[in-house]
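Structure file data_28.cif (mmCIF, C-alpha atoms) is printed below.
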data_target
loop_
_atom_site.label_atom_id
_atom_site.label_comp_id
_atom_site.auth_asym_id
_atom_site.auth_seq_id
_atom_site.Cartn_x
_atom_site.Cartn_y
_atom_site.Cartn_z
CA MET A 295 -66.34 31.52 14.53
CA LYS A 296 -63.09 29.61 13.87
CA THR A 297 -59.78 31.47 14.27
CA ALA A 298 -57.03 31.34 11.62
CA LYS A 299 -55.06 29.04 13.93
CA THR A 300 -58.00 26.66 14.21
CA VAL A 301 -58.55 26.63 10.44
CA LYS A 302 -54.87 25.81 9.88
CA ALA A 303 -55.14 22.98 12.35
CA ILE A 304 -58.19 21.58 10.56
CA ILE A 305 -56.44 21.81 7.18
CA GLY A 306 -53.38 20.07 8.62
CA THR A 307 -55.56 17.32 10.04
CA ALA A 308 -57.30 16.89 6.73
CA LEU A 309 -53.99 16.59 4.91
CA CYS A 310 -52.88 13.92 7.35
CA ALA A 311 -56.15 12.06 6.87
CA THR A 312 -55.52 11.77 3.14
CA LEU A 313 -52.35 9.85 3.90
CA VAL A 314 -53.87 7.32 6.28
CA LEU A 315 -53.77 4.74 3.50
CA SER A 316 -49.98 4.94 3.51
CA LEU A 317 -47.92 2.49 5.52
CA PHE A 318 -48.01 4.62 8.63
CA SER A 319 -50.93 6.38 10.23
CA GLY A 320 -50.58 10.18 10.29
CA CYS A 321 -48.52 12.38 8.00
CA SER A 322 -45.62 10.81 6.14
CA THR A 323 -43.21 11.91 3.45
CA SER A 324 -41.70 10.22 0.41
CA LEU A 325 -38.01 10.10 -0.44
CA THR A 326 -35.86 10.74 -3.50
CA THR A 327 -33.51 8.11 -4.90
CA GLU A 328 -30.55 9.93 -3.39
CA GLU A 329 -32.24 10.12 0.02
CA ILE A 330 -33.03 6.40 -0.02
CA GLU A 331 -29.42 5.57 -0.94
CA MET A 332 -28.05 7.82 1.80
CA SER A 333 -30.54 6.60 4.41
CA LEU A 334 -29.80 2.93 3.76
CA ASP A 335 -26.04 3.47 3.63
CA THR A 336 -26.03 5.43 6.91
CA ALA A 337 -28.26 2.91 8.67
CA LEU A 338 -26.13 -0.01 7.56
CA LYS A 339 -22.90 1.64 8.71
CA ASN A 340 -24.41 2.55 12.09
CA SER A 341 -25.80 -0.95 12.61
CA LEU A 342 -22.52 -2.65 11.69
CA ALA A 343 -20.72 -0.38 14.18
CA SER A 344 -23.02 -1.50 17.03
CA ASP A 345 -21.42 -4.18 19.18
CA LEU A 346 -24.35 -4.34 21.62
CA PHE A 347 -27.60 -5.58 20.09
CA TYR A 348 -30.65 -7.80 20.43
CA TRP A 349 -32.18 -9.50 17.41
CA LYS A 350 -34.97 -11.97 16.74
CA GLU A 351 -35.43 -13.96 13.55
CA THR A 352 -38.38 -16.09 12.43
CA ASP A 353 -37.79 -18.13 9.28
CA ASN A 354 -40.77 -19.85 7.65
CA ARG A 355 -39.15 -20.54 4.28
CA THR A 356 -39.10 -24.30 4.82
CA ALA A 357 -41.58 -26.80 6.25
CA ASP A 358 -40.17 -26.05 9.72
CA THR A 359 -40.35 -22.73 11.57
CA ILE A 360 -36.88 -21.76 12.76
CA TYR A 361 -36.59 -19.10 15.46
CA LYS A 362 -33.37 -17.52 16.68
CA GLN A 363 -32.72 -14.85 19.27
CA VAL A 364 -29.40 -13.24 20.18
CA ASN A 365 -28.72 -10.74 22.96
CA VAL A 366 -25.34 -9.05 23.39
CA LEU A 367 -25.77 -6.94 26.51
CA SER A 368 -23.89 -4.89 29.05
CA ASP A 369 -25.30 -3.02 32.03
CA ILE A 370 -25.80 0.71 31.56
CA ASP A 371 -25.36 3.83 33.64
CA GLU A 372 -28.95 4.58 34.63
CA LYS A 373 -28.29 8.34 34.66
CA GLU A 374 -26.24 8.73 31.50
CA TYR A 375 -27.92 5.80 29.73
CA VAL A 376 -24.61 4.55 28.33
CA PRO A 377 -22.93 1.14 28.82
CA LEU A 378 -20.63 0.80 31.83
CA VAL A 379 -16.97 0.51 30.82
CA ASP A 380 -13.66 0.19 32.68
CA GLU A 381 -10.57 2.38 32.38
CA ASN A 382 -9.63 0.57 29.16
CA GLY A 383 -13.03 1.18 27.57
CA GLU A 384 -14.06 -2.48 27.92
CA TYR A 385 -17.64 -3.33 28.89
CA THR A 386 -17.65 -4.28 32.57
CA THR A 387 -20.61 -6.68 32.45
CA LEU A 388 -20.63 -7.95 28.86
CA ARG A 389 -22.74 -11.08 28.47
CA ILE A 390 -24.25 -12.97 25.56
CA GLN A 391 -27.29 -15.18 25.14
CA VAL A 392 -28.25 -17.23 22.08
CA ILE A 393 -31.53 -19.14 21.76
CA GLU A 394 -32.59 -21.37 18.87
CA LYS A 395 -35.96 -23.08 18.41
CA LYS A 396 -37.44 -25.42 15.85
CA ASN A 397 -41.23 -25.46 15.64
CA ASP A 398 -41.46 -23.74 19.06
CA LYS A 399 -39.19 -26.30 20.76
CA GLU A 400 -35.86 -25.05 22.04
CA THR A 401 -32.93 -26.89 20.48
CA PHE A 402 -29.97 -24.80 21.60
CA GLN A 403 -29.07 -22.13 24.10
CA SER A 404 -25.76 -20.55 25.00
CA ILE A 405 -24.97 -18.00 27.69
CA CYS A 406 -21.55 -16.48 28.25
CA GLY A 407 -20.28 -13.98 30.81
CA HIS A 408 -19.33 -13.47 34.44
CA SER A 409 -20.63 -16.42 36.45
CA SER A 410 -21.10 -16.27 40.23
CA GLY A 411 -20.94 -19.38 42.37
CA ILE A 412 -23.87 -20.63 44.43
CA ASN A 413 -22.14 -19.45 47.61
CA ALA A 414 -21.47 -15.81 48.44
CA GLN A 415 -17.75 -16.47 48.95
CA ASP A 416 -17.32 -18.27 45.62
CA GLU A 417 -15.01 -16.73 43.03
CA ILE A 418 -16.57 -15.06 39.99
CA LYS A 419 -15.46 -16.82 36.81
CA ASP A 420 -16.04 -16.43 33.08
CA TYR A 421 -17.82 -19.32 31.40
CA LEU A 422 -19.65 -20.30 28.23
CA PHE A 423 -22.69 -22.43 29.07
CA GLU A 424 -24.37 -24.47 26.32
CA THR A 425 -27.62 -26.42 26.43
CA VAL A 426 -28.34 -28.76 23.52
CA THR A 427 -31.71 -30.52 23.26
CA ALA A 428 -31.85 -33.50 20.89
CA GLU A 429 -34.96 -34.45 18.91
CA ASP A 430 -35.70 -37.24 21.41
CA GLY A 431 -35.72 -34.67 24.22
CA THR A 432 -32.31 -35.55 25.66
CA VAL A 433 -30.70 -32.46 27.17
CA THR A 434 -26.94 -31.94 27.40
CA ARG A 435 -25.55 -29.08 29.50
CA THR A 436 -21.88 -28.17 29.29
CA LYS A 437 -19.60 -25.37 30.42
CA GLU A 438 -16.14 -24.21 29.40
CA PRO A 439 -13.98 -21.29 30.54
CA MET A 440 -14.49 -18.34 28.19
CA THR A 441 -15.05 -14.61 28.43
CA ALA A 442 -17.96 -12.98 26.65
CA LYS A 443 -15.48 -11.03 24.51
CA GLU A 444 -13.77 -14.27 23.46
CA TYR A 445 -17.12 -15.80 22.58
CA TYR A 446 -18.14 -12.67 20.66
CA ASN A 447 -14.98 -12.92 18.54
CA SER A 448 -15.15 -16.68 18.06
CA ASP A 449 -15.95 -18.59 14.87
CA ALA A 450 -18.89 -20.19 16.69
CA PHE A 451 -20.52 -16.78 17.24
CA SER A 452 -19.77 -15.31 13.81
CA GLN A 453 -23.05 -16.68 12.38
CA TYR A 454 -24.95 -14.52 14.90
CA SER A 455 -23.08 -11.25 14.26
CA VAL A 456 -24.79 -8.16 12.89
CA ALA A 457 -22.48 -8.27 9.88
CA GLU A 458 -23.69 -11.78 9.03
CA LYS A 459 -27.39 -11.02 9.57
CA LEU A 460 -27.23 -7.83 7.49
CA LYS A 461 -25.00 -9.30 4.77
CA CYS A 462 -28.01 -9.32 2.44
CA LEU A 463 -28.07 -5.50 2.49
CA GLN A 464 -24.41 -4.75 1.99
CA ASP A 465 -24.47 -5.00 -1.81
CA LEU A 466 -28.04 -3.81 -2.28
CA THR A 467 -28.54 -0.53 -4.15
CA VAL A 468 -31.60 1.52 -5.01
CA ALA A 469 -31.20 0.29 -8.59
CA ASP A 470 -31.95 -3.21 -7.24
CA MET A 471 -35.28 -2.07 -5.76
CA ASP A 472 -38.41 -2.18 -7.92
CA PHE A 473 -40.86 0.24 -6.32
CA THR A 474 -43.44 -0.33 -9.07
CA ALA A 475 -44.11 -3.91 -7.98
CA ASP A 476 -47.32 -5.01 -6.26
CA GLY A 477 -47.47 -3.60 -2.72
CA ALA A 478 -44.24 -1.62 -3.10
CA GLU A 479 -44.00 1.66 -1.21
CA ILE A 480 -41.62 4.27 0.15
CA SER A 481 -42.66 5.92 3.38
CA LYS A 482 -41.07 8.00 6.11
CA LYS A 483 -42.60 9.27 9.32
CA GLY A 484 -40.46 10.97 11.93
CA HIS A 485 -37.39 8.84 12.56
CA VAL A 486 -38.77 5.71 10.86
CA THR A 487 -38.39 4.89 7.17
CA GLN A 488 -39.90 1.86 5.44
CA LEU A 489 -38.93 0.66 1.98
CA GLN A 490 -41.06 -2.01 0.32
CA PHE A 491 -39.93 -3.30 -3.06
CA LYS A 492 -39.27 -6.30 -5.27
CA VAL A 493 -35.59 -7.15 -5.41
CA SER A 494 -33.93 -7.39 -8.83
CA ASP A 495 -32.66 -10.60 -10.41
CA ASP A 496 -29.35 -8.83 -11.02
CA TYR A 497 -28.82 -8.35 -7.27
CA LEU A 498 -29.68 -11.99 -6.56
CA LYS A 499 -27.20 -13.14 -9.20
CA ARG A 500 -24.42 -10.86 -7.90
CA TYR A 501 -25.01 -11.98 -4.33
CA GLU A 502 -24.86 -15.70 -5.13
CA GLU A 503 -21.72 -15.25 -7.24
CA LYS A 504 -20.04 -13.34 -4.40
CA TYR A 505 -21.06 -15.48 -1.43
CA GLY A 506 -21.68 -18.86 -3.02
CA GLU A 507 -25.20 -19.11 -1.63
CA PRO A 508 -28.61 -17.51 -2.31
CA SER A 509 -29.46 -14.26 -0.56
CA VAL A 510 -32.04 -14.37 2.21
CA LEU A 511 -34.01 -11.97 -0.02
CA ALA A 512 -34.34 -14.57 -2.80
CA ASN A 513 -37.70 -16.03 -3.86
CA SER A 514 -39.68 -13.18 -2.31
CA LYS A 515 -42.67 -11.36 -3.73
CA ARG A 516 -41.74 -8.23 -1.81
CA VAL A 517 -39.11 -7.10 0.69
CA LEU A 518 -39.59 -4.65 3.55
CA ILE A 519 -36.61 -2.83 5.05
CA GLU A 520 -37.29 -0.65 8.06
CA ILE A 521 -34.84 1.97 9.31
CA ALA A 522 -35.36 3.55 12.74
CA TYR A 523 -33.18 6.30 14.17
CA GLU A 524 -30.59 5.79 11.43
CA LYS A 525 -30.15 2.06 12.09
CA ILE A 526 -31.61 -1.05 10.48
CA SER A 527 -34.56 -2.21 12.58
CA GLN A 528 -36.40 -4.82 10.49
CA ILE A 529 -36.23 -6.97 7.35
CA VAL A 530 -39.35 -8.83 6.20
CA LEU A 531 -39.88 -11.12 3.20
CA TYR A 532 -43.38 -11.59 1.79
CA VAL A 533 -44.37 -14.46 -0.50
CA ASP A 534 -47.56 -15.66 -2.15
CA GLU A 535 -48.47 -19.00 -0.59
CA GLN A 536 -50.96 -21.29 -2.28
CA ILE A 537 -54.00 -22.23 -0.21
CA ALA A 538 -54.25 -25.99 0.18
CA GLY A 539 -56.84 -27.52 -2.14
CA SER A 540 -57.26 -24.26 -4.03
CA SER A 541 -55.69 -22.35 -6.90
CA MET A 542 -55.83 -19.17 -4.81
CA THR A 543 -52.86 -17.70 -2.98
CA VAL A 544 -52.47 -15.60 0.15
CA GLU A 545 -49.62 -13.27 1.01
CA THR A 546 -47.62 -14.43 4.04
CA GLU A 547 -44.42 -13.53 5.88
CA ALA A 548 -41.71 -16.01 4.92
CA TYR A 549 -39.01 -14.33 6.98
CA ASN A 550 -38.90 -11.67 9.70
CA PHE A 551 -35.75 -10.20 11.24
CA GLN A 552 -35.99 -7.53 13.94
CA ILE A 553 -33.12 -5.81 15.72
CA VAL A 554 -32.76 -3.24 18.50
CA TYR A 555 -29.58 -2.09 20.17
CA LEU A 556 -30.33 -2.64 23.84
CA GLY A 557 -31.88 -5.93 24.81
CA PRO A 558 -33.67 -7.25 27.92
CA LYS A 559 -31.66 -8.31 30.95
CA PHE A 560 -30.79 -11.95 31.58
CA ASN A 561 -28.67 -13.81 34.13
CA VAL A 562 -25.61 -15.99 33.66
CA PRO A 563 -25.93 -19.42 35.36
CA SER A 564 -23.82 -20.39 38.37
CA TYR A 565 -20.90 -22.56 37.28
CA ASN A 566 -21.17 -24.83 40.34
CA GLU A 567 -24.96 -25.20 40.39
CA ILE A 568 -26.16 -28.55 41.75
CA ASN A 569 -29.22 -30.52 40.59
CA SER A 570 -31.40 -30.76 43.70
CA SER A 571 -32.92 -34.05 42.56
CA THR A 572 -29.74 -35.94 41.75
CA GLY A 573 -27.10 -34.05 43.71
CA GLU A 574 -25.03 -33.92 40.52
CA PRO A 575 -23.54 -30.78 38.95
CA VAL A 576 -25.93 -29.18 36.45
CA TRP A 577 -23.10 -28.17 34.12
CA LYS A 578 -20.54 -30.71 32.93
CA ASP A 579 -17.12 -29.67 31.67
CA ALA A 580 -17.08 -29.56 27.86
#
Re-express the file's structure as structure tokens.
Amino acid sequence: MKTAKTVKAIIGTALCATLVLSLFSGCSTSLTTEEIEMSLDTALKNSLASDLFYWKETDNRTADTIYKQVNVLSDIDEKEYVPLVDENGEYTTLRIQVIEKKNDKETFQSICGHSSGINAQDEIKDYLFETVTAEDGTVTRTKEPMTAKEYYNSDAFSQYSVAEKLKCLQDLTVADMDFTADGAEISKKGHVTQLQFKVSDDYLKRYEEKYGEPSVLANSKRVLIEIAYEKISQIVLYVDEQIAGSSMTVETEAYNFQIVYLGPKFNVPSYNEINSSTGEPVWKDA
């Protein structure tokens, strides 16, 4: 004979099962307009306030696939799980890595931070290292003195900032989200919220008038915004793509942006590294 506790558990399981067709497996809850507005606003503010982050972007909106990856990292206190800072509150081991690829071939990479020499007694220096690969495969490697903080605040890095990547959300309101469109959905499970909707023409017009260029959300069938632990975690654009030689279409991802706020470790090159084959310095002065 089943106890009351067991019966409740079975009922709870059954209720969860009815929601399996939602975006997440397991129980999920919907949100009111006010809750969506507040959730998005809070997530955007928290993300814009994060100066350490790791994002990846895959853009299939043209004939070429463009991939970008940016990691702004500093070592953390393994016990407290917070970034290490000095007496002035500055990150002690701030370093930055940028990678760009076109059709799976790397075209650009930059790394900036504290650089150790190849010898133990060499002075530690701050450098920006850049590797540029031309279409013919020619590789150019340069270095110039620069701290990671200087690079972070530079015009060259501004295109990779969180503010730039999330610019498409800063003027977006719930009124701009059509949740009645094909595939649209509002879902929340635990600390993760997903909003799927068709963006309004009014938003697209406002954005282009304000910034002088189309929003990344333009020309999409549906947009997915994911919020995790009160920060933006993903933006996806879906489009209907026509199958070659057919009048039929298939839904595909035209754009995918993912961001977390602590990236994988990487090393800064040695500023006086020597090419073992040629005996020449690997990094030329810019």
> Which is closest to Glu479 in chain A among A:Leu325, A:Ala450, A:Leu460, A:Val554, if we use all atoms listed in the file?
Replying inline: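 Result for the nearest residue to Glu479 in chain A: A:Leu325.
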>> For the provided coordinates, the residues matched by the PyMOL selection byres ((chain A and resi 326) around 12) should be stated as a ChimeraX atom specification.
In response: /A:323-325,327-333,468,473,480-482,489
> Hey, can you check how far CA of Gly484 in chain A sits from CA of Lys525 in chain A?
Replying inline: 13.6 Å
> Near Val533 in chain A, counting all atoms listed in the file, which residues have an atom at most 12 Å away, once you skip same-chain residues fewer than 6 positions from it, shown as a list of chain:residue names?
Replying inline: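 Counting only the stated atoms, we get A:Asn354, A:Arg355, A:Asp476, A:Gly477, A:Lys492, A:Leu511, A:Ala512, A:Asn513, A:Ser514, A:Lys515, A:Arg516, A:Val517, A:Leu518, A:Thr543, A:Val544, A:Glu545, A:Thr546, A:Glu547, A:Ala548, A:Tyr549, A:Asn550.
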> From the set A:Thr487, A:Ser410, A:Ser448, A:Gln391, which residue has the shortest atom-to-atom contact distance to Glu424 in chain A, counting only C-alpha atoms?
Replying inline: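 Checking each of A:Thr487, A:Ser410, A:Ser448, A:Gln391 against Glu424 in chain A, counting only C-alpha atoms, the winner is A:Gln391.
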